[in-house]
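A.B. asks: To be precise about what I am sending: the file is called coords.cif and holds mmCIF, C-alpha atoms.
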data_structure
#
loop_
_atom_site.label_atom_id
_atom_site.label_comp_id
_atom_site.auth_asym_id
_atom_site.auth_seq_id
_atom_site.Cartn_x
_atom_site.Cartn_y
_atom_site.Cartn_z
CA MET G 1 -39.01 -16.78 50.12
CA ILE G 2 -40.74 -14.42 52.56
CA ARG G 3 -41.50 -15.97 55.94
CA ALA G 4 -44.82 -14.68 57.29
CA LEU G 5 -46.26 -15.07 60.78
CA ILE G 6 -50.04 -14.64 61.07
CA THR G 7 -51.47 -14.22 64.56
CA GLY G 8 -55.10 -15.30 64.69
CA GLY G 9 -54.43 -17.21 61.49
CA ALA G 10 -57.09 -19.88 62.11
CA GLY G 11 -59.80 -17.23 62.18
CA PHE G 12 -62.03 -16.17 59.34
CA ILE G 13 -59.80 -13.47 57.84
CA GLY G 14 -56.51 -15.01 58.99
CA SER G 15 -57.17 -18.36 57.32
CA HIS G 16 -57.96 -16.69 54.00
CA LEU G 17 -54.81 -14.60 54.32
CA ALA G 18 -52.73 -17.72 55.05
CA GLU G 19 -54.15 -19.43 51.97
CA HIS G 20 -53.54 -16.33 49.83
CA LEU G 21 -49.93 -15.86 50.96
CA LEU G 22 -49.10 -19.53 50.41
CA ALA G 23 -50.41 -19.24 46.85
CA ALA G 24 -48.19 -16.16 46.42
CA GLY G 25 -45.07 -18.15 47.43
CA TYR G 26 -44.73 -17.14 51.08
CA GLN G 27 -43.76 -19.48 53.89
CA VAL G 28 -46.58 -19.16 56.46
CA THR G 29 -46.69 -19.81 60.19
CA VAL G 30 -50.00 -19.43 62.01
CA ILE G 31 -50.53 -18.99 65.73
CA ASP G 32 -54.06 -19.16 67.15
CA ASN G 33 -55.50 -20.20 70.51
CA LEU G 34 -58.73 -21.30 68.76
CA SER G 35 -60.94 -19.18 71.03
CA THR G 36 -62.79 -17.88 67.98
CA GLY G 37 -60.72 -19.48 65.21
CA ALA G 38 -61.17 -23.10 64.08
CA LEU G 39 -58.92 -25.90 62.91
CA ASP G 40 -61.37 -26.58 60.08
CA ASN G 41 -60.43 -23.22 58.55
CA ILE G 42 -56.81 -24.28 57.98
CA GLN G 43 -57.03 -28.07 57.88
CA HIS G 44 -56.66 -28.07 54.11
CA LEU G 45 -53.32 -26.24 54.45
CA ALA G 46 -51.76 -28.63 56.95
CA GLY G 47 -50.02 -30.86 54.40
CA GLN G 48 -48.22 -28.04 52.61
CA PRO G 49 -44.46 -27.92 53.27
CA ARG G 50 -44.43 -24.12 53.59
CA PHE G 51 -47.15 -24.08 56.27
CA ARG G 52 -46.82 -24.43 60.07
CA PHE G 53 -49.37 -24.07 62.84
CA ALA G 54 -49.08 -23.50 66.59
CA VAL G 55 -52.02 -23.72 69.00
CA GLU G 56 -51.05 -21.08 71.52
CA ASP G 57 -52.02 -17.73 73.02
CA ILE G 58 -50.15 -14.69 71.66
CA ARG G 59 -49.46 -13.65 75.26
CA ASN G 60 -47.08 -16.60 75.65
CA ILE G 61 -43.85 -14.62 75.52
CA HIS G 62 -41.56 -17.58 74.91
CA VAL G 63 -43.54 -18.94 71.95
CA ILE G 64 -43.94 -15.50 70.39
CA ASP G 65 -40.20 -14.84 70.75
CA ARG G 66 -39.33 -17.99 68.84
CA LEU G 67 -41.92 -17.49 66.08
CA VAL G 68 -41.04 -13.83 65.55
CA SER G 69 -37.33 -14.64 65.40
CA GLU G 70 -38.07 -17.10 62.59
CA CYS G 71 -40.17 -14.79 60.39
CA ASP G 72 -39.64 -11.77 58.16
CA ILE G 73 -43.04 -10.13 58.46
CA ILE G 74 -45.92 -10.32 60.95
CA PHE G 75 -49.62 -9.97 60.17
CA HIS G 76 -51.18 -9.29 63.56
CA LEU G 77 -54.86 -10.23 63.34
CA ALA G 78 -55.35 -11.94 66.72
CA ALA G 79 -57.94 -10.14 68.84
CA ALA G 80 -61.13 -10.60 70.80
CA VAL G 81 -63.85 -10.00 68.20
CA GLY G 82 -67.62 -9.87 67.84
CA VAL G 83 -70.10 -7.61 69.63
CA ARG G 84 -71.59 -10.49 71.63
CA ASN G 85 -68.17 -11.71 72.70
CA ILE G 86 -67.07 -8.21 73.70
CA ILE G 87 -70.15 -7.54 75.81
CA ASP G 88 -70.02 -10.93 77.55
CA LYS G 89 -66.24 -10.98 78.15
CA PRO G 90 -64.93 -7.41 78.52
CA ILE G 91 -61.91 -8.43 80.65
CA ASN G 92 -60.70 -10.87 78.00
CA THR G 93 -61.28 -8.25 75.29
CA ILE G 94 -59.06 -5.69 76.97
CA GLU G 95 -56.34 -8.08 78.14
CA VAL G 96 -55.98 -9.94 74.83
CA ASN G 97 -56.15 -6.90 72.58
CA ILE G 98 -53.78 -4.68 74.55
CA GLY G 99 -51.57 -7.28 76.28
CA GLY G 100 -51.13 -9.43 73.20
CA THR G 101 -50.28 -6.49 70.97
CA GLU G 102 -47.78 -5.12 73.50
CA ILE G 103 -45.92 -8.45 73.62
CA LEU G 104 -45.94 -8.74 69.84
CA LEU G 105 -44.61 -5.22 69.25
CA LYS G 106 -41.87 -5.59 71.87
CA THR G 107 -40.74 -8.84 70.27
CA ALA G 108 -40.92 -7.42 66.75
CA ALA G 109 -38.77 -4.49 67.89
CA ARG G 110 -36.21 -6.91 69.33
CA TYR G 111 -35.79 -8.66 65.98
CA ARG G 112 -36.55 -5.63 63.73
CA ARG G 113 -39.48 -7.34 61.99
CA ARG G 114 -42.05 -5.67 59.75
CA VAL G 115 -45.55 -5.58 61.30
CA LEU G 116 -48.97 -5.24 59.67
CA LEU G 117 -51.43 -4.51 62.47
CA ALA G 118 -55.18 -4.99 62.06
CA SER G 119 -57.41 -2.44 63.72
CA THR G 120 -61.11 -1.73 63.32
CA SER G 121 -63.61 0.86 62.17
CA GLU G 122 -64.98 0.71 65.73
CA VAL G 123 -62.16 3.12 66.65
CA TYR G 124 -64.08 5.92 64.89
CA GLY G 125 -66.76 5.49 67.55
CA LYS G 126 -69.70 7.87 67.25
CA GLY G 127 -68.14 9.85 64.43
CA VAL G 128 -70.61 11.93 62.43
CA HIS G 129 -68.37 13.01 59.54
CA PHE G 130 -68.82 10.68 56.55
CA PRO G 131 -67.01 9.00 55.00
CA PHE G 132 -64.53 8.26 57.79
CA ASN G 133 -61.01 9.50 57.02
CA GLU G 134 -57.97 8.01 58.72
CA ASP G 135 -57.07 11.27 60.46
CA ASP G 136 -60.60 12.05 61.72
CA ASP G 137 -61.17 12.64 65.43
CA THR G 138 -62.71 9.72 67.30
CA LEU G 139 -65.60 9.84 69.77
CA SER G 140 -66.26 6.92 72.09
CA GLY G 141 -68.98 6.17 74.63
CA PRO G 142 -68.73 6.04 78.44
CA THR G 143 -66.32 3.62 80.13
CA SER G 144 -69.20 2.21 82.18
CA ARG G 145 -70.48 0.42 79.07
CA SER G 146 -68.41 -2.59 78.03
CA ARG G 147 -69.61 -2.19 74.44
CA TRP G 148 -66.87 0.44 73.99
CA SER G 149 -64.00 -1.64 75.43
CA TYR G 150 -63.18 -3.14 72.03
CA ALA G 151 -62.86 0.25 70.32
CA ALA G 152 -60.79 1.63 73.20
CA SER G 153 -58.46 -1.39 73.30
CA LYS G 154 -57.84 -1.25 69.54
CA ALA G 155 -57.19 2.50 69.77
CA ILE G 156 -54.51 1.75 72.37
CA ASP G 157 -53.06 -0.82 69.96
CA GLU G 158 -52.79 1.90 67.34
CA PHE G 159 -51.14 4.32 69.78
CA LEU G 160 -48.65 1.61 70.74
CA ALA G 161 -47.82 0.77 67.15
CA PHE G 162 -47.27 4.41 66.19
CA ALA G 163 -45.15 4.90 69.32
CA TYR G 164 -42.92 1.93 68.45
CA HIS G 165 -42.51 3.33 64.95
CA ALA G 166 -41.75 6.88 66.10
CA GLU G 167 -39.49 6.03 69.04
CA LEU G 168 -37.78 2.82 67.92
CA GLY G 169 -38.16 2.93 64.15
CA LEU G 170 -40.21 -0.27 64.04
CA PRO G 171 -41.59 -0.75 60.49
CA VAL G 172 -45.32 -0.85 61.21
CA THR G 173 -48.34 -0.45 58.93
CA LEU G 174 -51.83 -0.18 60.42
CA PHE G 175 -55.19 -0.82 58.78
CA ARG G 176 -58.78 -0.45 59.98
CA LEU G 177 -61.18 -3.10 58.73
CA PHE G 178 -64.81 -2.26 57.94
CA ASN G 179 -67.20 -5.23 58.28
CA THR G 180 -65.28 -7.88 56.39
CA VAL G 181 -67.50 -10.78 55.32
CA GLY G 182 -67.22 -13.98 53.30
CA PRO G 183 -66.98 -17.78 53.50
CA ARG G 184 -65.88 -19.30 56.85
CA GLN G 185 -67.26 -16.42 58.92
CA LEU G 186 -69.30 -17.53 61.92
CA GLY G 187 -72.39 -15.80 63.26
CA ALA G 188 -71.75 -17.05 66.79
CA TYR G 189 -70.16 -13.82 68.03
CA GLY G 190 -72.63 -11.35 66.55
CA MET G 191 -71.48 -11.25 62.90
CA VAL G 192 -74.61 -10.15 61.09
CA VAL G 193 -74.30 -11.56 57.55
CA PRO G 194 -73.69 -15.25 58.43
CA ARG G 195 -76.45 -15.07 61.05
CA PHE G 196 -78.93 -13.72 58.51
CA ALA G 197 -77.81 -16.29 55.93
CA ARG G 198 -78.20 -19.24 58.31
CA TRP G 199 -81.68 -18.11 59.39
CA ALA G 200 -82.75 -17.58 55.78
CA LEU G 201 -81.52 -21.01 54.69
CA ALA G 202 -83.26 -22.66 57.65
CA GLY G 203 -86.51 -20.80 57.01
CA GLU G 204 -86.33 -19.21 60.46
CA ALA G 205 -87.12 -15.61 61.36
CA ILE G 206 -84.31 -13.21 60.47
CA GLN G 207 -83.72 -11.08 63.56
CA VAL G 208 -82.77 -7.48 62.85
CA TYR G 209 -81.58 -5.57 65.91
CA GLY G 210 -82.95 -2.08 66.40
CA ASP G 211 -85.12 -0.63 63.65
CA GLY G 212 -82.83 -1.80 60.85
CA SER G 213 -82.14 1.72 59.58
CA GLN G 214 -78.47 1.61 60.63
CA ARG G 215 -76.24 1.55 57.55
CA ARG G 216 -73.05 -0.45 57.00
CA CYS G 217 -70.56 -1.33 54.24
CA PHE G 218 -69.58 -4.98 53.78
CA GLY G 219 -66.20 -5.79 52.23
CA ASN G 220 -65.51 -9.16 50.63
CA VAL G 221 -62.73 -11.04 52.41
CA PHE G 222 -60.94 -11.84 49.14
CA ASP G 223 -60.75 -8.14 48.29
CA VAL G 224 -59.59 -7.32 51.82
CA ILE G 225 -56.70 -9.80 51.93
CA ALA G 226 -55.48 -8.54 48.56
CA ALA G 227 -55.34 -5.06 50.10
CA ILE G 228 -53.45 -6.34 53.15
CA GLN G 229 -50.86 -8.05 50.96
CA GLY G 230 -50.55 -4.92 48.83
CA LEU G 231 -49.76 -2.81 51.90
CA ALA G 232 -47.25 -5.40 53.12
CA GLU G 233 -45.35 -5.27 49.85
CA THR G 234 -45.21 -1.45 49.71
CA ASP G 235 -42.50 0.23 51.77
CA SER G 236 -44.19 3.63 51.56
CA SER G 237 -47.03 2.25 53.71
CA ILE G 238 -44.72 1.99 56.75
CA GLY G 239 -45.77 4.34 59.53
CA GLU G 240 -49.20 4.88 57.97
CA LEU G 241 -52.82 3.93 58.73
CA TYR G 242 -55.33 2.86 56.08
CA ASN G 243 -59.04 2.08 55.87
CA ILE G 244 -59.87 -1.24 54.18
CA GLY G 245 -63.40 -2.21 53.22
CA SER G 246 -66.26 -1.50 50.86
CA ASP G 247 -67.74 1.98 50.52
CA GLU G 248 -71.09 0.65 49.21
CA GLU G 249 -73.68 1.35 51.94
CA ILE G 250 -76.77 -0.70 52.75
CA SER G 251 -79.18 -0.59 55.69
CA ILE G 252 -79.35 -3.67 57.90
CA LEU G 253 -83.04 -4.10 57.07
CA GLU G 254 -82.24 -3.97 53.35
CA LEU G 255 -79.41 -6.46 53.94
CA ALA G 256 -81.82 -8.90 55.58
CA GLN G 257 -84.19 -8.56 52.63
CA ARG G 258 -81.35 -8.99 50.13
CA ILE G 259 -80.09 -12.15 51.84
CA ARG G 260 -83.60 -13.57 52.07
CA ASP G 261 -84.14 -12.94 48.35
CA ARG G 262 -80.77 -14.44 47.35
CA ALA G 263 -81.55 -17.53 49.46
CA ASP G 264 -85.04 -17.78 47.91
CA SER G 265 -86.34 -17.97 51.46
CA ALA G 266 -89.76 -17.32 52.96
CA SER G 267 -88.32 -16.27 56.34
CA GLU G 268 -90.06 -13.41 58.09
CA ILE G 269 -87.95 -10.44 59.17
CA ARG G 270 -88.38 -9.60 62.84
CA LEU G 271 -87.20 -6.40 64.53
CA VAL G 272 -85.63 -7.01 67.95
CA PRO G 273 -84.94 -4.11 70.37
CA TYR G 274 -81.29 -3.73 71.34
CA ASP G 275 -82.05 -4.15 75.05
CA GLU G 276 -83.61 -7.53 74.32
CA ALA G 277 -80.91 -8.61 71.87
CA TYR G 278 -77.92 -7.84 74.08
CA GLN G 279 -79.61 -7.85 77.50
CA GLN G 280 -77.77 -4.64 78.27
CA PRO G 281 -79.88 -1.52 78.89
CA GLY G 282 -78.85 1.52 76.89
CA PHE G 283 -76.86 -0.37 74.23
CA GLU G 284 -75.46 2.13 71.72
CA ASP G 285 -74.97 1.45 68.04
CA PHE G 286 -73.65 3.49 65.12
CA GLN G 287 -76.17 4.82 62.63
CA ARG G 288 -73.64 4.85 59.78
CA ARG G 289 -70.17 3.50 59.19
CA VAL G 290 -68.59 4.13 55.79
CA PRO G 291 -64.87 4.41 54.96
CA SER G 292 -63.01 6.81 52.76
CA LEU G 293 -60.79 4.71 50.49
CA VAL G 294 -58.91 7.64 48.96
CA LYS G 295 -55.70 7.01 50.90
CA ILE G 296 -55.31 3.28 50.16
CA ARG G 297 -56.29 3.82 46.55
CA ALA G 298 -53.49 6.37 46.19
CA ALA G 299 -50.99 4.15 48.02
CA ILE G 300 -51.44 0.82 46.20
CA GLY G 301 -54.18 1.39 43.62
CA TRP G 302 -56.58 -0.87 45.51
CA GLN G 303 -60.34 -0.70 45.51
CA PRO G 304 -63.03 -3.32 46.27
CA SER G 305 -64.20 -5.21 43.22
CA THR G 306 -66.71 -7.80 44.47
CA ALA G 307 -70.41 -6.90 44.35
CA LEU G 308 -72.43 -7.43 47.52
CA ASP G 309 -74.75 -9.95 45.82
CA GLU G 310 -71.73 -12.05 44.83
CA THR G 311 -70.45 -11.93 48.39
CA ILE G 312 -73.84 -12.98 49.75
CA ASP G 313 -73.95 -15.88 47.31
CA GLN G 314 -70.51 -17.04 48.48
CA ILE G 315 -71.65 -16.97 52.10
CA LEU G 316 -74.92 -18.75 51.36
CA ALA G 317 -73.08 -21.50 49.48
CA ASP G 318 -70.56 -21.91 52.30
CA ILE G 319 -73.22 -22.13 55.04
CA SER G 320 -75.44 -24.39 52.93
CA ASN G 321 -72.55 -26.84 52.52
CA LYS G 322 -71.92 -26.82 56.28
CA MET G 323 -75.59 -27.36 57.08
CA ARG G 324 -75.64 -30.46 54.87
CA LYS G 325 -72.72 -32.07 56.70
#
I'd like the structure from this file rewritten - as structure tokens, please.
C.D. replies:
Amino acid sequence: MIRALITGGAGFIGSHLAEHLLAAGYQVTVIDNLSTGALDNIQHLAGQPRFRFAVEDIRNIHVIDRLVSECDIIFHLAAAVGVRNIIDKPINTIEVNIGGTEILLKTAARYRRRVLLASTSEVYGKGVHFPFNEDDDTLSGPTSRSRWSYAASKAIDEFLAFAYHAELGLPVTLFRLFNTVGPRQLGAYGMVVPRFARWALAGEAIQVYGDGSQRRCFGNVFDVIAAIQGLAETDSSIGELYNIGSDEEISILELAQRIRDRADSASEIRLVPYDEAYQQPGFEDFQRRVPSLVKIRAAIGWQPSTALDETIDQILADISNKMRK
């Protein structure tokens, strides 16, 4: 039986991964400080004999040492996430993302544990070559704007992970996630799909930031966790970096219209300037963000299989159930 430790395992993606690994026969331990995760996401797992949960910060060296010593593989998902959260709390973003990852990698090196480290498409920054390839150059914005602190902190995480692999032989696999969406995701920290879905179901105005022409790709969480498990169970992925997500593009304005239609809603769609939305003059956004999936397809034969409409329907059903409670 493989013993897995999931940091940030009470979060949206982490809770689905915990559920998936338990079904695959793993023993799963979750650590989460519940800053953006929620007990409700993993409550249904609590009675399973192969599941454990610790409410703690990943920067607690003593707790991390014990949990890492008792596992075989680590899925490091814990991070400060969400555009709103990052803009409002830049110190926490930098300290959690870099400090937490440093402690985890040091401890993993001590016990020679396999690590799967989650990064983000934000690392590509203002890249203009599409689709984004894993070895593309990155271009970030000025350090005076906290919006870029998340991308910079996750880039440092990647540098650290590669350094531990190169210098100490730590078995590390890195992956960059592109807009993962699905049931359990909250809109509270700037996640666009659950926010649109909640507004549509409530008949409220759907607020689209900017002019809505910016284009994104939205990967279904069930597809994404299957990719993460596939990389974990493939030794050739050690020391490598992979994009994970959908490569089907849609504009944010089209997304709002699609969600409104799937919800059978009469909500108006309202364009909101970035300065008003984030109360930060000069906010910069990406016009496009689309991954190349060539590398992960060659490595494990994975590709996304869930249509965007199906994903939207899953999210609408999940939020509708929560609104009725």
A.B. asks: Of the residues G:Ile87, G:Ile74, G:Ala263, G:Val193, which is the one nearest to Ala277 of chain G, using all atoms listed in the file?
C.D. replies: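 Result for the nearest residue to Ala277 of chain G: G:Ile87.
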A.B. asks: Hey, which of G:Arg216, G:Ala202, G:Val294, G:Tyr278 ends up closest to Asp264 of chain G? Count only C-alpha atoms.
C.D. replies: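 Counting only C-alpha atoms, the residue closest to Asp264 of chain G is G:Ala202.
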A.B. asks: Rank nothing, just name the residue among G:Glu158, G:Glu122, G:Asp40, G:Glu95 nearest to His76 of chain G, using all atoms listed in the file.
C.D. replies: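 Nearest candidate to His76 of chain G out of G:Glu158, G:Glu122, G:Asp40, G:Glu95: G:Glu158.
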A.B. asks: Between G:Ala317, G:Leu117, G:Ala151, G:Ile269, which is the closest to Ile238 of chain G once you count all atoms listed in the file?
C.D. replies: G:Leu117
A.B. asks: So how many Å separate atom CA of Asn97 of chain G and atom CA of Gln214 of chain G, to one decimal?
C.D. replies: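 Result for atom CA of Asn97 of chain G versus atom CA of Gln214 of chain G: 26.7 Å, one decimal.
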A.B. asks: Hey, can you pull every residue with an atom no more than 12 Å from (-43.9, -19.5, 68.7), using only C-alpha atoms, and send it as a PyMOL selection string?
C.D. replies: chain G and resi 5-7+29-33+52-71+104+107
A.B. asks: Compare G:Arg270, G:Arg176, G:Arg289, G:Arg147 by their minimum atom-to-atom distance to Gly210 of chain G, counting all atoms listed in the file, and give me the closest one.
C.D. replies: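 Ranked by minimum distance to Gly210 of chain G, first place goes to G:Arg270.
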A.B. asks: For Asn92 of chain G, which residue out of G:Arg112, G:Ile244, G:Tyr124, G:Ser146 is the nearest one, using all atoms listed in the file?
C.D. replies: G:Ser146
A.B. asks: With the PyMOL selection byres ((chain G and resi 183) around 9) as the selection, what would be picked from this file? Answer as a list in words, please.
C.D. replies: Phe12, Val181, Gly182, Arg184, Gln185, Leu186, Pro194, Val221, Thr311, Gln314, Ile315, Leu316, Ala317, Asp318 and Ile319 of chain G
A.B. asks: Near Phe286 of chain G, within 12 Å and counting only C-alpha atoms, which residues show up once chain neighbours fewer than 3 positions away are dropped, as number ranges by chain?
C.D. replies: G: 121-128, 139-141, 147-148, 210, 212-216, 251-252, 283, 289-290
A.B. asks: Could you save the residues just selected, with C-alpha atoms, as a CSV table (one decimal), in the coordinates of the input?
C.D. replies:
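What ended up in result-v4.csv:
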chain,number,residue,atom,x,y,z
G,121,SER,CA,-63.6,0.9,62.2
G,122,GLU,CA,-65.0,0.7,65.7
G,123,VAL,CA,-62.2,3.1,66.6
G,124,TYR,CA,-64.1,5.9,64.9
G,125,GLY,CA,-66.8,5.5,67.6
G,126,LYS,CA,-69.7,7.9,67.2
G,127,GLY,CA,-68.1,9.8,64.4
G,128,VAL,CA,-70.6,11.9,62.4
G,139,LEU,CA,-65.6,9.8,69.8
G,140,SER,CA,-66.3,6.9,72.1
G,141,GLY,CA,-69.0,6.2,74.6
G,147,ARG,CA,-69.6,-2.2,74.4
G,148,TRP,CA,-66.9,0.4,74.0
G,210,GLY,CA,-83.0,-2.1,66.4
G,212,GLY,CA,-82.8,-1.8,60.8
G,213,SER,CA,-82.1,1.7,59.6
G,214,GLN,CA,-78.5,1.6,60.6
G,215,ARG,CA,-76.2,1.6,57.6
G,216,ARG,CA,-73.0,-0.4,57.0
G,251,SER,CA,-79.2,-0.6,55.7
G,252,ILE,CA,-79.4,-3.7,57.9
G,283,PHE,CA,-76.9,-0.4,74.2
G,289,ARG,CA,-70.2,3.5,59.2
G,290,VAL,CA,-68.6,4.1,55.8
A.B. asks: Report as a list of chain:residue names the residues that result from applying the PyMOL selection byres ((chain G and resi 39) around 10) to the structure here.
C.D. replies: G:Gly9, G:Ala10, G:Gly11, G:Ser15, G:Asp32, G:Leu34, G:Gly37, G:Ala38, G:Asp40, G:Asn41, G:Ile42, G:Gln43, G:His44, G:Ala46, G:Phe53, G:Val55
A.B. asks: Would you export the selected residues with C-alpha atoms as a PDB file, keeping the file's coordinate frame, please?
C.D. replies:
ATOM      1  CA  GLY G   9     -54.430 -17.210  61.490  1.00  0.00           C
ATOM      2  CA  ALA G  10     -57.090 -19.880  62.110  1.00  0.00           C
ATOM      3  CA  GLY G  11     -59.800 -17.230  62.180  1.00  0.00           C
ATOM      4  CA  SER G  15     -57.170 -18.360  57.320  1.00  0.00           C
ATOM      5  CA  ASP G  32     -54.060 -19.160  67.150  1.00  0.00           C
ATOM      6  CA  LEU G  34     -58.730 -21.300  68.760  1.00  0.00           C
ATOM      7  CA  GLY G  37     -60.720 -19.480  65.210  1.00  0.00           C
ATOM      8  CA  ALA G  38     -61.170 -23.100  64.080  1.00  0.00           C
ATOM      9  CA  ASP G  40     -61.370 -26.580  60.080  1.00  0.00           C
ATOM     10  CA  ASN G  41     -60.430 -23.220  58.550  1.00  0.00           C
ATOM     11  CA  ILE G  42     -56.810 -24.280  57.980  1.00  0.00           C
ATOM     12  CA  GLN G  43     -57.030 -28.070  57.880  1.00  0.00           C
ATOM     13  CA  HIS G  44     -56.660 -28.070  54.110  1.00  0.00           C
ATOM     14  CA  ALA G  46     -51.760 -28.630  56.950  1.00  0.00           C
ATOM     15  CA  PHE G  53     -49.370 -24.070  62.840  1.00  0.00           C
ATOM     16  CA  VAL G  55     -52.020 -23.720  69.000  1.00  0.00           C
TER      17      VAL G  55
END
A.B. asks: Record the distance separating atom CA of Gly219 of chain G and atom CA of Arg258 of chain G, expressed in Å with one decimal.
C.D. replies: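 Pair atom CA of Gly219 of chain G / atom CA of Arg258 of chain G returns 15.6 Å.
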A.B. asks: For the PyMOL selection byres ((chain G and resi 177) around 10), applied here, can you spell out every residue it catches as a PyMOL selection string?
C.D. replies: chain G and resi 118-122+174-176+178-180+218-219+224+242-246+291
A.B. asks: I'd like the contact shell of Phe222 of chain G - 9 Å cut-off, all atoms listed in the file, skipping same-chain residues fewer than 5 positions apart - returned as a compact mmCIF listing (two decimals) with C-alpha atoms, keeping the file's coordinate frame.
C.D. replies:
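So part10.txt came out as:
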# COMPACT_ATOMS: atom_id res chain seq x y z
CA ILE G 13 -59.80 -13.47 57.84
CA HIS G 16 -57.96 -16.69 54.00
CA LEU G 17 -54.81 -14.60 54.32
CA HIS G 20 -53.54 -16.33 49.83
CA GLY G 182 -67.22 -13.98 53.30
CA ALA G 227 -55.34 -5.06 50.10
CA THR G 306 -66.71 -7.80 44.47
A.B. asks: Mind filling out segment 103-122 of chain G with N, CA and C atoms and sending it as a compact mmCIF listing (two decimals), in the coordinates of the input?
C.D. replies:
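Once everything was written out, this is selection_14.txt:
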# COMPACT_ATOMS: atom_id res chain seq x y z
N ILE G 103 -46.94 -7.39 73.69
CA ILE G 103 -45.92 -8.45 73.62
C ILE G 103 -45.41 -8.59 72.19
N LEU G 104 -46.33 -8.57 71.23
CA LEU G 104 -45.94 -8.74 69.84
C LEU G 104 -45.05 -7.60 69.36
N LEU G 105 -45.41 -6.36 69.69
CA LEU G 105 -44.61 -5.22 69.25
C LEU G 105 -43.23 -5.20 69.90
N LYS G 106 -43.16 -5.53 71.20
CA LYS G 106 -41.87 -5.59 71.87
C LYS G 106 -40.96 -6.62 71.21
N THR G 107 -41.53 -7.77 70.89
CA THR G 107 -40.74 -8.84 70.27
C THR G 107 -40.33 -8.48 68.86
N ALA G 108 -41.25 -7.87 68.11
CA ALA G 108 -40.92 -7.42 66.75
C ALA G 108 -39.81 -6.39 66.77
N ALA G 109 -39.83 -5.50 67.76
CA ALA G 109 -38.77 -4.49 67.89
C ALA G 109 -37.43 -5.15 68.19
N ARG G 110 -37.44 -6.21 68.98
CA ARG G 110 -36.21 -6.91 69.33
C ARG G 110 -35.53 -7.50 68.10
N TYR G 111 -36.35 -8.01 67.17
CA TYR G 111 -35.79 -8.66 65.98
C TYR G 111 -35.92 -7.81 64.72
N ARG G 112 -36.43 -6.57 64.86
CA ARG G 112 -36.55 -5.63 63.73
C ARG G 112 -37.42 -6.22 62.62
N ARG G 113 -38.58 -6.73 62.97
CA ARG G 113 -39.48 -7.34 61.99
C ARG G 113 -40.56 -6.36 61.54
N ARG G 114 -40.95 -6.47 60.30
CA ARG G 114 -42.05 -5.67 59.75
C ARG G 114 -43.36 -6.16 60.34
N VAL G 115 -44.26 -5.23 60.70
CA VAL G 115 -45.55 -5.58 61.30
C VAL G 115 -46.68 -4.94 60.52
N LEU G 116 -47.70 -5.73 60.19
CA LEU G 116 -48.97 -5.24 59.67
C LEU G 116 -50.00 -5.47 60.76
N LEU G 117 -50.55 -4.40 61.32
CA LEU G 117 -51.43 -4.51 62.47
C LEU G 117 -52.88 -4.19 62.10
N ALA G 118 -53.75 -5.16 62.37
CA ALA G 118 -55.18 -4.99 62.06
C ALA G 118 -55.88 -4.24 63.17
N SER G 119 -56.56 -3.17 62.80
CA SER G 119 -57.41 -2.44 63.72
C SER G 119 -58.84 -2.51 63.19
N THR G 120 -59.69 -1.60 63.63
CA THR G 120 -61.11 -1.73 63.32
C THR G 120 -61.77 -0.37 63.12
N SER G 121 -62.82 -0.36 62.34
CA SER G 121 -63.61 0.86 62.17
C SER G 121 -64.30 1.28 63.46
N GLU G 122 -64.39 0.37 64.43
CA GLU G 122 -64.98 0.71 65.73
C GLU G 122 -64.24 1.88 66.39
